[in-house]
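Chemist: Below is the structure I would like to discuss, written out as structure tokens.
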Amino acid sequence: MWEQFVVARVQQPSCYPKRSSVCHPSWSDKEDGYTPPEFTHDSVILNAEDRATGGQWADVQNPSPSLLGKRKTFVGECRQDAVCIRDTSCAYDAKRQRYLFPGGRTGITGRGLLGRFGPNHAADPIVTRMRDGKLQVILIVRNDGSGLLAFPGGMVEVGATHTETLKAEFTQEACLPGGAVDRLFSQYEKRTVYRGPVDDWRTTDEAWIETVAVHFHAPDDIASSLDLEVTDKDEVIKVGWYDAAAVVDSMYASHGAWLRKVLLYMEEEELFRTRASGPSYPLARR
Ligand code: BGC
């Protein structure tokens, strides 16, 4: 699995220490002399659950192993539902009492900028439309120093579901709420494109992001009623419709891989549709 997680081994936000180099990413292989730096950003410490003064979105410094074992993960064979991480084959560091990134060694321990040990859950809405025969998608430019194009997704808050988060993030980062958004999310879901760990530059050996990326395809009337506007200006620089094929190779984290999947099946469906309604062939003469 570690082959898909290159960003998590070689990139990092500017506040991170340099990752130590990794020769054998897989936890089942030995890596002699592996002593990665430990890093947890101050914002994570200051927003711990036990601090009355912060946002309480992060774990305490040493949560109990039994609590960590109950965390849900999508890692495993095509999981439809998240399962407790202790019931998977996810690697575990018994000495530090922490579960390890399923994508392998990253060259940093601690939590970096992530609040939770183990999986940190996110949800990503992929909203598309057809325009002049091309598939277009709603993307944001992230305000995190990367400046990259991404889906308007975000972290699942305590007590919220992935489904609620998809719509909440869409309306905070990309589009004003209203009837068109409600109809899009309730009637035009096409499929879940991906569930599982993300190749994100914030990943550490002990903390990673897992997302559920869901595709919604807007018919013309809904697409033209969507009022694109950024509400959460701390997270997002701008939002817009982009030609999917033109941006698929230069997106944030693993987002391009999910969009590529969407492009492929939408193209197949379009081919199928035009063939089905295409020229009818004269019946062979008897
Ligand atoms: C973003 C999601 C993204 C996740 C993993 C979150 O900060 O909002 O869109 O999938 O990180 O990269």
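Simple scheme: letters A, B, ... for chains in structure tokens order, numbers from 1 for residues in each chain, numbers from 1 for ligands in the order shown.
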List as a list of chain:residue names the protein and nucleic acid residues lying within 8 Å of ligand 1, with only C-alpha atoms and all ligand atoms counted.

Modeler: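 My answer, listing the contacting residues, is A:Ala122, A:Ala123, A:Asp124, A:Ala150, A:Phe151, A:Pro152, A:Gly153, A:Gly154, A:Met155, A:Val198, A:Asp199, A:Asp200, A:Trp201, A:Ile209, A:Glu210, A:Thr211, A:Ala213, A:Tyr252, A:Ala253, A:Ser254, A:His255.
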
Chemist: I'd like the contact shell of Val158 in chain A - 12 Å cut-off, only C-alpha atoms, skipping same-chain residues fewer than 2 positions apart - returned as an MDAnalysis selection string.

Modeler: chainID A and resid 49 55:59 115:116 120:122 155:156 160:162 164:165

Chemist: Could those residues be written to a file, using all heavy atoms, as a tab-separated table (two decimals), in the first residue's frame?

Modeler:
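Produced file selection-v4.tsv, reproduced below:
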```tsv
chain	number	residue	atom	x	y	z
A	49	GLU	N	-8.30	18.61	24.07
A	49	GLU	CA	-9.62	18.46	24.69
A	49	GLU	C	-9.66	18.87	26.16
A	49	GLU	O	-10.69	19.26	26.68
A	49	GLU	CB	-10.04	16.99	24.60
A	49	GLU	CG	-10.70	16.65	23.31
A	49	GLU	CD	-10.74	15.15	23.08
A	49	GLU	OE1	-10.16	14.39	23.89
A	49	GLU	OE2	-11.35	14.75	22.10
A	55	GLY	N	-9.87	25.30	21.30
A	55	GLY	CA	-11.00	24.80	20.52
A	55	GLY	C	-11.36	23.35	20.82
A	55	GLY	O	-12.37	22.84	20.33
A	56	GLN	N	-10.52	22.68	21.59
A	56	GLN	CA	-10.76	21.29	22.05
A	56	GLN	C	-10.96	20.31	20.90
A	56	GLN	O	-11.71	19.36	21.02
A	56	GLN	CB	-11.94	21.24	23.02
A	56	GLN	CG	-11.70	22.13	24.22
A	56	GLN	CD	-12.74	21.98	25.31
A	56	GLN	OE1	-13.91	21.82	25.02
A	56	GLN	NE2	-12.31	22.00	26.55
A	57	TRP	N	-10.25	20.55	19.75
A	57	TRP	CA	-10.39	19.62	18.63
A	57	TRP	C	-9.25	18.59	18.58
A	57	TRP	O	-9.22	17.74	17.70
A	57	TRP	CB	-10.52	20.35	17.30
A	57	TRP	CG	-9.51	21.46	17.05
A	57	TRP	CD1	-9.74	22.80	17.21
A	57	TRP	CD2	-8.15	21.34	16.58
A	57	TRP	NE1	-8.61	23.52	16.89
A	57	TRP	CE2	-7.62	22.66	16.49
A	57	TRP	CE3	-7.32	20.28	16.22
A	57	TRP	CZ2	-6.32	22.92	16.06
A	57	TRP	CZ3	-6.02	20.53	15.80
A	57	TRP	CH2	-5.53	21.85	15.73
A	58	ALA	N	-8.31	18.67	19.55
A	58	ALA	CA	-7.15	17.78	19.49
A	58	ALA	C	-7.12	16.82	20.69
A	58	ALA	O	-7.69	17.12	21.75
A	58	ALA	CB	-5.87	18.60	19.45
A	59	ASP	N	-6.40	15.70	20.51
A	59	ASP	CA	-6.23	14.75	21.61
A	59	ASP	C	-5.37	15.34	22.72
A	59	ASP	O	-4.54	16.22	22.47
A	59	ASP	CB	-5.48	13.50	21.10
A	59	ASP	CG	-6.37	12.58	20.30
A	59	ASP	OD1	-7.61	12.69	20.43
A	59	ASP	OD2	-5.82	11.78	19.53
A	115	GLY	N	-4.80	16.88	14.74
A	115	GLY	CA	-5.25	16.85	16.13
A	115	GLY	C	-5.27	15.47	16.76
A	115	GLY	O	-5.01	15.31	17.96
A	116	ARG	N	-5.59	14.45	15.96
A	116	ARG	CA	-5.79	13.11	16.51
A	116	ARG	C	-4.62	12.19	16.25
A	116	ARG	O	-4.03	12.23	15.17
A	116	ARG	CB	-7.03	12.46	15.88
A	116	ARG	CG	-8.28	13.30	15.97
A	116	ARG	CD	-8.90	13.19	17.32
A	116	ARG	NE	-10.02	14.10	17.47
A	116	ARG	CZ	-10.46	14.55	18.63
A	116	ARG	NH1	-9.88	14.20	19.75
A	116	ARG	NH2	-11.49	15.35	18.68
A	120	ASN	N	-7.52	10.78	11.28
A	120	ASN	CA	-8.24	12.05	11.43
A	120	ASN	C	-9.21	12.07	10.24
A	120	ASN	O	-8.78	12.06	9.08
A	120	ASN	CB	-7.28	13.24	11.30
A	120	ASN	CG	-6.35	13.39	12.50
A	120	ASN	OD1	-6.48	14.31	13.28
A	120	ASN	ND2	-5.39	12.47	12.65
A	121	HIS	N	-10.52	12.07	10.53
A	121	HIS	CA	-11.47	11.87	9.43
A	121	HIS	C	-11.88	13.16	8.73
A	121	HIS	O	-12.14	14.18	9.37
A	121	HIS	CB	-12.71	11.13	9.94
A	121	HIS	CG	-12.40	9.68	10.16
A	121	HIS	ND1	-12.47	8.76	9.14
A	121	HIS	CD2	-11.97	9.00	11.26
A	121	HIS	CE1	-12.10	7.57	9.61
A	121	HIS	NE2	-11.79	7.70	10.89
A	122	ALA	N	-11.95	13.06	7.39
A	122	ALA	CA	-12.36	14.19	6.55
A	122	ALA	C	-13.43	13.72	5.58
A	122	ALA	O	-13.72	12.52	5.47
A	122	ALA	CB	-11.16	14.73	5.78
A	155	MET	N	-12.54	18.54	7.78
A	155	MET	CA	-12.52	17.52	8.82
A	155	MET	C	-13.91	17.28	9.40
A	155	MET	O	-14.70	18.20	9.55
A	155	MET	CB	-11.57	17.93	9.95
A	155	MET	CG	-10.17	18.33	9.50
A	155	MET	SD	-9.32	17.19	8.39
A	155	MET	CE	-9.02	15.84	9.50
A	156	VAL	N	-14.17	16.01	9.74
A	156	VAL	CA	-15.45	15.64	10.37
A	156	VAL	C	-15.36	16.00	11.85
A	156	VAL	O	-14.48	15.51	12.56
A	156	VAL	CB	-15.70	14.12	10.21
A	156	VAL	CG1	-17.02	13.72	10.88
A	156	VAL	CG2	-15.71	13.72	8.75
A	160	ALA	N	-20.43	14.68	14.30
A	160	ALA	CA	-20.99	14.87	12.95
A	160	ALA	C	-20.73	13.62	12.11
A	160	ALA	O	-19.82	12.84	12.40
A	160	ALA	CB	-20.35	16.08	12.29
A	161	THR	N	-21.53	13.43	11.04
A	161	THR	CA	-21.31	12.30	10.14
A	161	THR	C	-20.55	12.80	8.90
A	161	THR	O	-20.49	14.01	8.64
A	161	THR	CB	-22.65	11.71	9.67
A	161	THR	OG1	-23.33	12.74	8.92
A	161	THR	CG2	-23.51	11.26	10.82
A	162	HIS	N	-20.05	11.83	8.12
A	162	HIS	CA	-19.38	12.19	6.87
A	162	HIS	C	-20.37	12.92	5.95
A	162	HIS	O	-20.02	13.90	5.30
A	162	HIS	CB	-18.82	10.95	6.18
A	162	HIS	CG	-17.57	10.44	6.81
A	162	HIS	ND1	-17.57	9.51	7.81
A	162	HIS	CD2	-16.27	10.76	6.59
A	162	HIS	CE1	-16.32	9.27	8.18
A	162	HIS	NE2	-15.51	10.01	7.46
A	164	GLU	N	-23.06	14.72	6.63
A	164	GLU	CA	-23.30	16.11	7.05
A	164	GLU	C	-22.10	16.99	6.71
A	164	GLU	O	-22.24	18.14	6.28
A	164	GLU	CB	-23.51	16.19	8.58
A	164	GLU	CG	-24.83	15.62	9.04
A	164	GLU	CD	-24.81	15.24	10.54
A	164	GLU	OE1	-23.76	15.37	11.22
A	164	GLU	OE2	-25.86	14.80	11.00
A	165	THR	N	-20.91	16.42	6.91
A	165	THR	CA	-19.69	17.20	6.68
A	165	THR	C	-19.53	17.57	5.21
A	165	THR	O	-19.07	18.67	4.89
A	165	THR	CB	-18.47	16.41	7.19
A	165	THR	OG1	-18.72	16.03	8.54
A	165	THR	CG2	-17.20	17.23	7.11
```

Chemist: Set the distance at 9 Å and use only C-alpha atoms: which residues neighbour Ile126 in chain A once local chain neighbours fewer than 4 positions away are removed? I'd like the list as a CSV table (one decimal) with N, CA and C atoms, in the first residue's frame.

Modeler:
```
chain,number,residue,atom,x,y,z
A,137,VAL,N,-15.5,20.8,-12.7
A,137,VAL,CA,-15.5,20.4,-11.3
A,137,VAL,C,-15.3,21.7,-10.5
A,138,ILE,N,-16.0,21.7,-9.3
A,138,ILE,CA,-15.8,22.8,-8.4
A,138,ILE,C,-14.6,22.6,-7.5
A,139,LEU,N,-13.7,23.5,-7.6
A,139,LEU,CA,-12.4,23.4,-6.8
A,139,LEU,C,-12.1,24.7,-6.1
A,151,PHE,N,-10.6,19.7,-3.6
A,151,PHE,CA,-12.0,19.7,-3.4
A,151,PHE,C,-12.4,20.5,-2.1
A,152,PRO,N,-13.6,21.1,-2.1
A,152,PRO,CA,-13.9,21.9,-0.9
A,152,PRO,C,-14.3,21.0,0.3
A,153,GLY,N,-13.4,20.2,0.8
A,153,GLY,CA,-13.7,19.3,1.9
A,153,GLY,C,-13.2,19.8,3.2
A,193,VAL,N,-16.3,7.7,-4.4
A,193,VAL,CA,-15.2,7.5,-5.3
A,193,VAL,C,-14.0,6.9,-4.5
A,213,ALA,N,-14.6,10.5,-0.2
A,213,ALA,CA,-14.8,11.4,-1.3
A,213,ALA,C,-16.0,11.0,-2.1
A,214,VAL,N,-17.0,11.9,-2.2
A,214,VAL,CA,-18.3,11.5,-2.8
A,214,VAL,C,-18.6,12.4,-4.0
A,215,HIS,N,-19.0,11.8,-5.1
A,215,HIS,CA,-19.2,12.5,-6.4
A,215,HIS,C,-20.7,12.9,-6.5
A,216,PHE,N,-21.0,14.2,-6.8
A,216,PHE,CA,-22.3,14.6,-7.1
A,216,PHE,C,-22.3,15.3,-8.5
A,217,HIS,N,-23.2,14.9,-9.4
A,217,HIS,CA,-23.1,15.5,-10.8
A,217,HIS,C,-24.3,16.4,-11.0
A,258,TRP,N,-8.6,10.8,-7.3
A,258,TRP,CA,-10.0,10.6,-7.3
A,258,TRP,C,-10.7,11.2,-8.5
A,259,LEU,N,-10.2,12.4,-8.9
A,259,LEU,CA,-10.8,13.1,-10.0
A,259,LEU,C,-10.6,12.3,-11.3
A,262,VAL,N,-13.2,9.8,-11.6
A,262,VAL,CA,-14.5,10.3,-12.0
A,262,VAL,C,-14.4,10.6,-13.5
```

Chemist: Please report, as JSON, numbers by chain, each residue of range 68-282 of chain A to which DSSP assigns strand (DSSP E or B) when run on this structure's backbone.

Modeler: {"A": [72, 73, 83, 84, 92, 93, 98, 99, 109, 110, 111, 112, 118, 119, 120, 121, 122, 123, 124, 125, 126, 127, 128, 129, 130, 131, 134, 135, 136, 137, 138, 139, 140, 141, 142, 149, 150, 154, 155, 175, 189, 190, 191, 192, 193, 194, 195, 196, 197, 207, 208, 209, 210, 211, 212, 213, 214, 215, 216, 217, 228, 236, 237, 238, 239, 240, 241, 242, 243, 251]}

Chemist: If you count only C-alpha atoms, which residues fall within 6 Å of range 101-114 of chain A, apart from same-chain ones fewer than 3 positions away, as a compact mmCIF listing (two decimals) with all heavy atoms, in the first residue's frame?

Modeler:
```
# COMPACT_ATOMS: atom_id res chain seq x y z
N MET A 1 0.82 -1.21 0.00
CA MET A 1 0.00 0.00 0.00
C MET A 1 0.86 1.27 0.00
O MET A 1 0.45 2.31 -0.48
CB MET A 1 -0.89 -0.05 1.24
CG MET A 1 -1.69 1.19 1.48
SD MET A 1 -2.82 0.98 2.85
CE MET A 1 -4.23 1.86 2.24
N TRP A 2 2.08 1.18 0.53
CA TRP A 2 2.89 2.39 0.70
C TRP A 2 3.27 3.06 -0.61
O TRP A 2 3.61 4.24 -0.64
CB TRP A 2 4.14 2.08 1.53
CG TRP A 2 4.90 0.91 1.05
CD1 TRP A 2 4.80 -0.39 1.46
CD2 TRP A 2 5.88 0.91 0.01
NE1 TRP A 2 5.63 -1.18 0.75
CE2 TRP A 2 6.33 -0.42 -0.15
CE3 TRP A 2 6.44 1.90 -0.79
CZ2 TRP A 2 7.28 -0.78 -1.08
CZ3 TRP A 2 7.40 1.54 -1.72
CH2 TRP A 2 7.80 0.22 -1.85
N PHE A 5 1.77 6.50 -1.36
CA PHE A 5 1.91 7.59 -0.38
C PHE A 5 3.29 8.25 -0.44
O PHE A 5 4.10 8.09 0.47
CB PHE A 5 1.59 7.07 1.02
CG PHE A 5 0.16 6.63 1.12
CD1 PHE A 5 -0.20 5.31 0.90
CD2 PHE A 5 -0.84 7.55 1.39
CE1 PHE A 5 -1.52 4.91 0.95
CE2 PHE A 5 -2.17 7.16 1.44
CZ PHE A 5 -2.51 5.83 1.22
N ALA A 8 3.47 12.04 1.51
CA ALA A 8 3.63 11.90 2.96
C ALA A 8 5.07 11.55 3.36
O ALA A 8 5.42 11.60 4.53
CB ALA A 8 2.67 10.83 3.48
N ARG A 9 5.88 11.17 2.40
CA ARG A 9 7.29 10.84 2.72
C ARG A 9 8.23 11.96 2.34
O ARG A 9 9.30 12.09 2.90
CB ARG A 9 7.71 9.59 1.93
CG ARG A 9 7.58 8.32 2.69
CD ARG A 9 8.37 7.18 2.09
NE ARG A 9 8.08 6.87 0.71
CZ ARG A 9 7.01 6.22 0.29
NH1 ARG A 9 6.10 5.82 1.14
NH2 ARG A 9 6.83 5.96 -0.98
N ARG A 19 11.81 15.80 7.14
CA ARG A 19 11.56 14.37 7.36
C ARG A 19 12.87 13.61 7.25
O ARG A 19 13.69 13.92 6.38
CB ARG A 19 10.60 13.81 6.30
CG ARG A 19 9.20 14.42 6.35
CD ARG A 19 8.31 13.81 5.29
NE ARG A 19 7.02 14.50 5.26
CZ ARG A 19 6.00 14.24 6.08
NH1 ARG A 19 6.10 13.28 6.97
NH2 ARG A 19 4.86 14.90 5.99
N SER A 20 13.06 12.60 8.09
CA SER A 20 14.26 11.79 7.90
C SER A 20 14.02 10.89 6.69
O SER A 20 12.88 10.54 6.38
CB SER A 20 14.61 10.99 9.15
OG SER A 20 13.59 10.09 9.45
N PRO A 25 9.82 1.96 3.27
CA PRO A 25 8.59 2.53 3.84
C PRO A 25 7.73 1.52 4.59
O PRO A 25 7.14 1.85 5.62
CB PRO A 25 7.83 3.06 2.62
CG PRO A 25 8.78 3.08 1.49
CD PRO A 25 9.88 2.14 1.81
N SER A 26 7.67 0.30 4.11
CA SER A 26 6.74 -0.66 4.71
C SER A 26 7.11 -1.01 6.15
O SER A 26 8.27 -1.32 6.45
CB SER A 26 6.73 -1.93 3.85
OG SER A 26 6.06 -2.94 4.55
N TRP A 27 6.13 -0.99 7.06
CA TRP A 27 6.39 -1.30 8.46
C TRP A 27 6.85 -2.74 8.64
O TRP A 27 7.48 -3.08 9.64
CB TRP A 27 5.14 -1.07 9.31
CG TRP A 27 4.74 0.37 9.35
CD1 TRP A 27 3.63 0.91 8.78
CD2 TRP A 27 5.44 1.46 9.95
NE1 TRP A 27 3.60 2.27 8.99
CE2 TRP A 27 4.69 2.64 9.72
CE3 TRP A 27 6.64 1.58 10.67
CZ2 TRP A 27 5.09 3.89 10.17
CZ3 TRP A 27 7.02 2.83 11.12
CH2 TRP A 27 6.27 3.96 10.87
N PRO A 36 13.24 9.12 13.44
CA PRO A 36 12.62 10.33 12.90
C PRO A 36 12.44 11.40 13.97
O PRO A 36 12.24 11.06 15.14
CB PRO A 36 11.26 9.83 12.40
CG PRO A 36 11.00 8.57 13.14
CD PRO A 36 12.33 7.97 13.48
N PRO A 37 12.49 12.68 13.59
CA PRO A 37 12.22 13.74 14.57
C PRO A 37 10.75 13.67 15.00
O PRO A 37 9.89 13.26 14.22
CB PRO A 37 12.48 15.04 13.80
CG PRO A 37 12.36 14.67 12.35
CD PRO A 37 12.75 13.22 12.25
N GLU A 38 10.50 14.10 16.27
CA GLU A 38 9.11 14.14 16.75
C GLU A 38 8.62 15.58 16.66
O GLU A 38 9.33 16.50 17.07
CB GLU A 38 9.05 13.65 18.20
CG GLU A 38 7.68 13.85 18.81
CD GLU A 38 7.38 12.87 19.94
OE1 GLU A 38 8.30 12.15 20.37
OE2 GLU A 38 6.22 12.85 20.39
N PHE A 39 7.44 15.77 16.13
CA PHE A 39 6.93 17.14 16.01
C PHE A 39 5.41 17.18 16.16
O PHE A 39 4.68 16.47 15.49
CB PHE A 39 7.32 17.73 14.65
CG PHE A 39 6.72 19.10 14.40
CD1 PHE A 39 7.12 20.20 15.15
CD2 PHE A 39 5.75 19.29 13.42
CE1 PHE A 39 6.57 21.46 14.94
CE2 PHE A 39 5.19 20.56 13.20
CZ PHE A 39 5.61 21.64 13.96
N THR A 40 4.97 18.03 17.10
CA THR A 40 3.54 18.33 17.22
C THR A 40 3.44 19.84 17.31
O THR A 40 4.08 20.47 18.16
CB THR A 40 2.94 17.66 18.47
OG1 THR A 40 3.11 16.25 18.34
CG2 THR A 40 1.44 17.96 18.60
N HIS A 41 2.67 20.43 16.42
CA HIS A 41 2.58 21.90 16.36
C HIS A 41 1.91 22.46 17.61
O HIS A 41 1.01 21.81 18.18
CB HIS A 41 1.77 22.29 15.11
CG HIS A 41 1.89 23.73 14.75
ND1 HIS A 41 1.03 24.68 15.19
CD2 HIS A 41 2.81 24.37 13.97
CE1 HIS A 41 1.38 25.86 14.72
NE2 HIS A 41 2.46 25.70 13.96
N THR A 204 2.08 12.11 9.55
CA THR A 204 3.25 11.64 10.31
C THR A 204 3.10 10.13 10.50
O THR A 204 2.07 9.56 10.12
CB THR A 204 3.33 12.29 11.71
OG1 THR A 204 2.28 11.73 12.52
CG2 THR A 204 3.20 13.79 11.66
N ASP A 205 4.09 9.51 11.12
CA ASP A 205 3.99 8.07 11.38
C ASP A 205 2.79 7.74 12.26
O ASP A 205 2.24 6.65 12.21
CB ASP A 205 5.25 7.57 12.11
CG ASP A 205 6.45 7.49 11.17
OD1 ASP A 205 6.29 7.79 9.97
OD2 ASP A 205 7.56 7.13 11.66
N GLU A 206 2.38 8.73 13.11
CA GLU A 206 1.37 8.42 14.13
C GLU A 206 0.04 9.14 13.93
O GLU A 206 -0.87 8.97 14.75
CB GLU A 206 1.94 8.79 15.51
CG GLU A 206 3.16 7.94 15.84
CD GLU A 206 3.96 8.44 17.04
OE1 GLU A 206 3.76 9.59 17.47
OE2 GLU A 206 4.79 7.67 17.54
N ALA A 207 -0.06 9.95 12.90
CA ALA A 207 -1.30 10.70 12.65
C ALA A 207 -1.49 10.88 11.15
O ALA A 207 -0.56 11.29 10.46
CB ALA A 207 -1.24 12.06 13.33
```

Chemist: From the set A:Thr53, A:Ser64, A:Arg275, A:Trp241, which residue has the shortest atom-to-atom contact distance to Ser224 in chain A, counting only C-alpha atoms?

Modeler: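 Closest to Ser224 in chain A, using only C-alpha atoms: A:Trp241.
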
Chemist: Mind giving me the straight-line distance from CA of Arg51 in chain A to CA of Gly145 in chain A in Å, one decimal?

Modeler: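 These atoms are spaced 27.6 Å apart.
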
Chemist: Can you tell me which residues surround Arg71 in chain A at a distance of at most 7 Å, considering only C-alpha atoms, apart from same-chain residues fewer than 4 positions away, and format the answer as a list of chain:residue names?

Modeler: A:Leu67, A:Cys84, A:Ile85

Chemist: Using N, CA and C atoms, can you write the selected residues to a file as a compact mmCIF listing (two decimals), in the first residue's frame?

Modeler:
```
# COMPACT_ATOMS: atom_id res chain seq x y z
N LEU A 67 -8.59 3.76 24.07
CA LEU A 67 -9.33 4.77 23.32
C LEU A 67 -8.83 4.81 21.86
N CYS A 84 -13.14 -0.55 13.86
CA CYS A 84 -12.18 -0.15 14.89
C CYS A 84 -10.77 -0.51 14.43
N ILE A 85 -9.88 0.41 14.65
CA ILE A 85 -8.52 0.21 14.14
C ILE A 85 -7.86 -1.03 14.77
```

Chemist: Just the number, please: distance in Å from CA of Ser225 in chain A to CA of Val181 in chain A, one decimal.

Modeler: 8.6 Å
